[in-house]
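**Student:** First the structure, which I've put down as structure tokens, then a few questions once you've had a look.
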Amino acid sequence: MKSLIILYSYHHHNTEKVAKTIASILGADIKLPEDVNPEELQEYDLIGFGSGIYGGVHHKSLLELADKLPEISGKNVFIFSTSGGTDNNRPIKCHSALREKLQSKGYTIVDEFNCKGFFGFVGIGISRGRPNSIDLKNAEDFAQNLLKI
């Protein structure tokens, strides 16, 4: 299965840690949103979209990319994120904007993953030390389940 992860991870590279963990299981390529040509996505069997959560949604570069995607039927995608607080609800609330954009273009969301990630600046912040080894193990398990799709 040919896989791609489209990732935006900036401040503390928390989401990059999760993306690399998932990519290692899937054998996936990782690209930044600005490096993706929407037409090239046809080459992939599975595509992941992930970033930290900013103001309750994924980074604007992912949302803008989703707006540019061509309509398609049945392409399997997954969504992941890190955030100051874990969203254990299904479906994951902070994924709703990206999820709706992808679904409106005909993409099939096969699964979603969210874990804590440090949010803040030197000396202050929440979820310090996250994602931790347990979070990354959960990301591995998430990726193993994606292989079964």
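In the structure tokens, the first chain shown is A, the next is B, and so on; residue numbers restart at 1 for each chain, and ligands run from 1 in the order shown.
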Give the strand (DSSP E or B) residues of chain A, as assigned by DSSP on the backbone, as a ChimeraX atom specification.
**Tutor:** /A:3-8,29-31,46-54,57-58,76-83,108-116,119-121,124-126
**Student:** Neighbouring residues of Glu16 of chain A were defined as those with any atom within 10 Å, considering only C-alpha atoms; residues of the same chain fewer than 2 positions away were excluded. Please report them as a PyMOL selection string.
**Tutor:** chain A and resi 7-10+12-14+18-22+30+50-52+81-82
**Student:** Store the residues picked out above in a file with N, CA and C atoms, as a PDB file, in the first residue's frame.
**Tutor:**
ATOM      1  N   LEU A   7       1.808  16.796   6.489  1.00  0.00           N
ATOM      2  CA  LEU A   7       2.056  17.204   7.867  1.00  0.00           C
ATOM      3  C   LEU A   7       2.428  18.672   7.976  1.00  0.00           C
ATOM      4  N   TYR A   8       1.833  19.334   8.959  1.00  0.00           N
ATOM      5  CA  TYR A   8       2.310  20.647   9.384  1.00  0.00           C
ATOM      6  C   TYR A   8       2.620  20.534  10.868  1.00  0.00           C
ATOM      7  N   SER A   9       3.893  20.711  11.230  1.00  0.00           N
ATOM      8  CA  SER A   9       4.322  20.644  12.625  1.00  0.00           C
ATOM      9  C   SER A   9       5.373  21.715  12.817  1.00  0.00           C
ATOM     10  N   TYR A  10       5.103  22.680  13.674  1.00  0.00           N
ATOM     11  CA  TYR A  10       5.972  23.831  13.752  1.00  0.00           C
ATOM     12  C   TYR A  10       6.592  24.050  15.132  1.00  0.00           C
ATOM     13  N   HIS A  12       6.739  22.914  18.465  1.00  0.00           N
ATOM     14  CA  HIS A  12       7.512  21.970  19.272  1.00  0.00           C
ATOM     15  C   HIS A  12       7.726  20.638  18.550  1.00  0.00           C
ATOM     16  N   HIS A  13       7.243  20.531  17.335  1.00  0.00           N
ATOM     17  CA  HIS A  13       7.377  19.329  16.504  1.00  0.00           C
ATOM     18  C   HIS A  13       6.722  18.102  17.128  1.00  0.00           C
ATOM     19  N   ASN A  14       5.690  18.341  17.926  1.00  0.00           N
ATOM     20  CA  ASN A  14       4.954  17.242  18.548  1.00  0.00           C
ATOM     21  C   ASN A  14       4.269  16.374  17.503  1.00  0.00           C
ATOM     22  N   VAL A  18       4.549  12.151  16.039  1.00  0.00           N
ATOM     23  CA  VAL A  18       3.453  11.218  15.771  1.00  0.00           C
ATOM     24  C   VAL A  18       3.484  10.786  14.307  1.00  0.00           C
ATOM     25  N   ALA A  19       3.683  11.745  13.395  1.00  0.00           N
ATOM     26  CA  ALA A  19       3.709  11.435  11.960  1.00  0.00           C
ATOM     27  C   ALA A  19       4.828  10.453  11.626  1.00  0.00           C
ATOM     28  N   LYS A  20       6.011  10.670  12.198  1.00  0.00           N
ATOM     29  CA  LYS A  20       7.126   9.770  11.921  1.00  0.00           C
ATOM     30  C   LYS A  20       6.858   8.367  12.460  1.00  0.00           C
ATOM     31  N   THR A  21       6.180   8.294  13.586  1.00  0.00           N
ATOM     32  CA  THR A  21       5.826   6.987  14.144  1.00  0.00           C
ATOM     33  C   THR A  21       4.857   6.258  13.222  1.00  0.00           C
ATOM     34  N   ILE A  22       3.828   6.957  12.774  1.00  0.00           N
ATOM     35  CA  ILE A  22       2.851   6.360  11.855  1.00  0.00           C
ATOM     36  C   ILE A  22       3.531   5.994  10.539  1.00  0.00           C
ATOM     37  N   ILE A  30       6.414  11.547   3.786  1.00  0.00           N
ATOM     38  CA  ILE A  30       5.900  12.691   4.539  1.00  0.00           C
ATOM     39  C   ILE A  30       6.208  13.953   3.740  1.00  0.00           C
ATOM     40  N   GLY A  50      -2.298  15.706   8.967  1.00  0.00           N
ATOM     41  CA  GLY A  50      -2.110  15.970  10.392  1.00  0.00           C
ATOM     42  C   GLY A  50      -1.397  17.265  10.692  1.00  0.00           C
ATOM     43  N   SER A  51      -1.757  17.842  11.825  1.00  0.00           N
ATOM     44  CA  SER A  51      -1.084  19.029  12.358  1.00  0.00           C
ATOM     45  C   SER A  51      -1.453  19.160  13.824  1.00  0.00           C
ATOM     46  N   GLY A  52      -0.832  20.144  14.455  1.00  0.00           N
ATOM     47  CA  GLY A  52      -1.302  20.547  15.767  1.00  0.00           C
ATOM     48  C   GLY A  52      -2.654  21.216  15.597  1.00  0.00           C
ATOM     49  N   SER A  81      -3.834  14.466  14.897  1.00  0.00           N
ATOM     50  CA  SER A  81      -3.470  15.749  15.473  1.00  0.00           C
ATOM     51  C   SER A  81      -2.858  15.560  16.853  1.00  0.00           C
ATOM     52  N   THR A  82      -2.186  16.621  17.294  1.00  0.00           N
ATOM     53  CA  THR A  82      -1.804  16.759  18.694  1.00  0.00           C
ATOM     54  C   THR A  82      -2.437  18.051  19.182  1.00  0.00           C
TER      55      THR A  82
END
**Student:** Which of segment 11-107 of chain A counts as helix (DSSP H, G or I) under DSSP, as a ChimeraX atom specification please?
**Tutor:** /A:14-26,33-35,38-43,60-68,93-104
**Student:** What does the distance between atom CA of Phe49 of chain A and atom CA of Asn138 of chain A come to in Å, to one decimal place?
**Tutor:**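 Those two atoms sit 17.2 Å apart.
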**Student:** Using only C-alpha atoms, can you tell me which of A:His59, A:Ile53, A:Ser96, A:Gly84 comes closest to Pro131 of chain A?
**Tutor:**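 Closest residue, counting only C-alpha atoms: A:Gly84.
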**Student:** Find the spatial neighbours of Met1 of chain A, counting only C-alpha atoms, within a cut-off of 10 Å - ignore same-chain residues fewer than 5 positions away - and output them as number ranges by chain.
**Tutor:** A: 26-28, 44-46, 147, 149
**Student:** So, counting only C-alpha atoms, which residue among A:Ile72, A:Leu41, A:Ile25, A:Cys94 is closest to His58 of chain A?
**Tutor:**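 The closest residue to His58 of chain A is A:Cys94.
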**Student:** Give me the residues within 9 Å of Leu98 of chain A as a PyMOL selection string, counting only C-alpha atoms and dropping any in the same chain fewer than 4 places off.
**Tutor:** chain A and resi 49+57-58+62-63+66+79+94+102-103
**Student:** Compare A:Glu40, A:Glu64, A:Lys17, A:Asn145 by their minimum atom-to-atom distance to Ser133 of chain A, counting only C-alpha atoms, and give me the closest one.
**Tutor:**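 When distances to Ser133 of chain A are compared using only C-alpha atoms, the smallest one comes from A:Lys17.
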**Student:** Take atom CA of Lys60 of chain A and atom CA of Phe80 of chain A and report the distance between them in Å, one decimal.
**Tutor:**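 Computing the Euclidean distance for atom CA of Lys60 of chain A and atom CA of Phe80 of chain A yields 14.6 Å.
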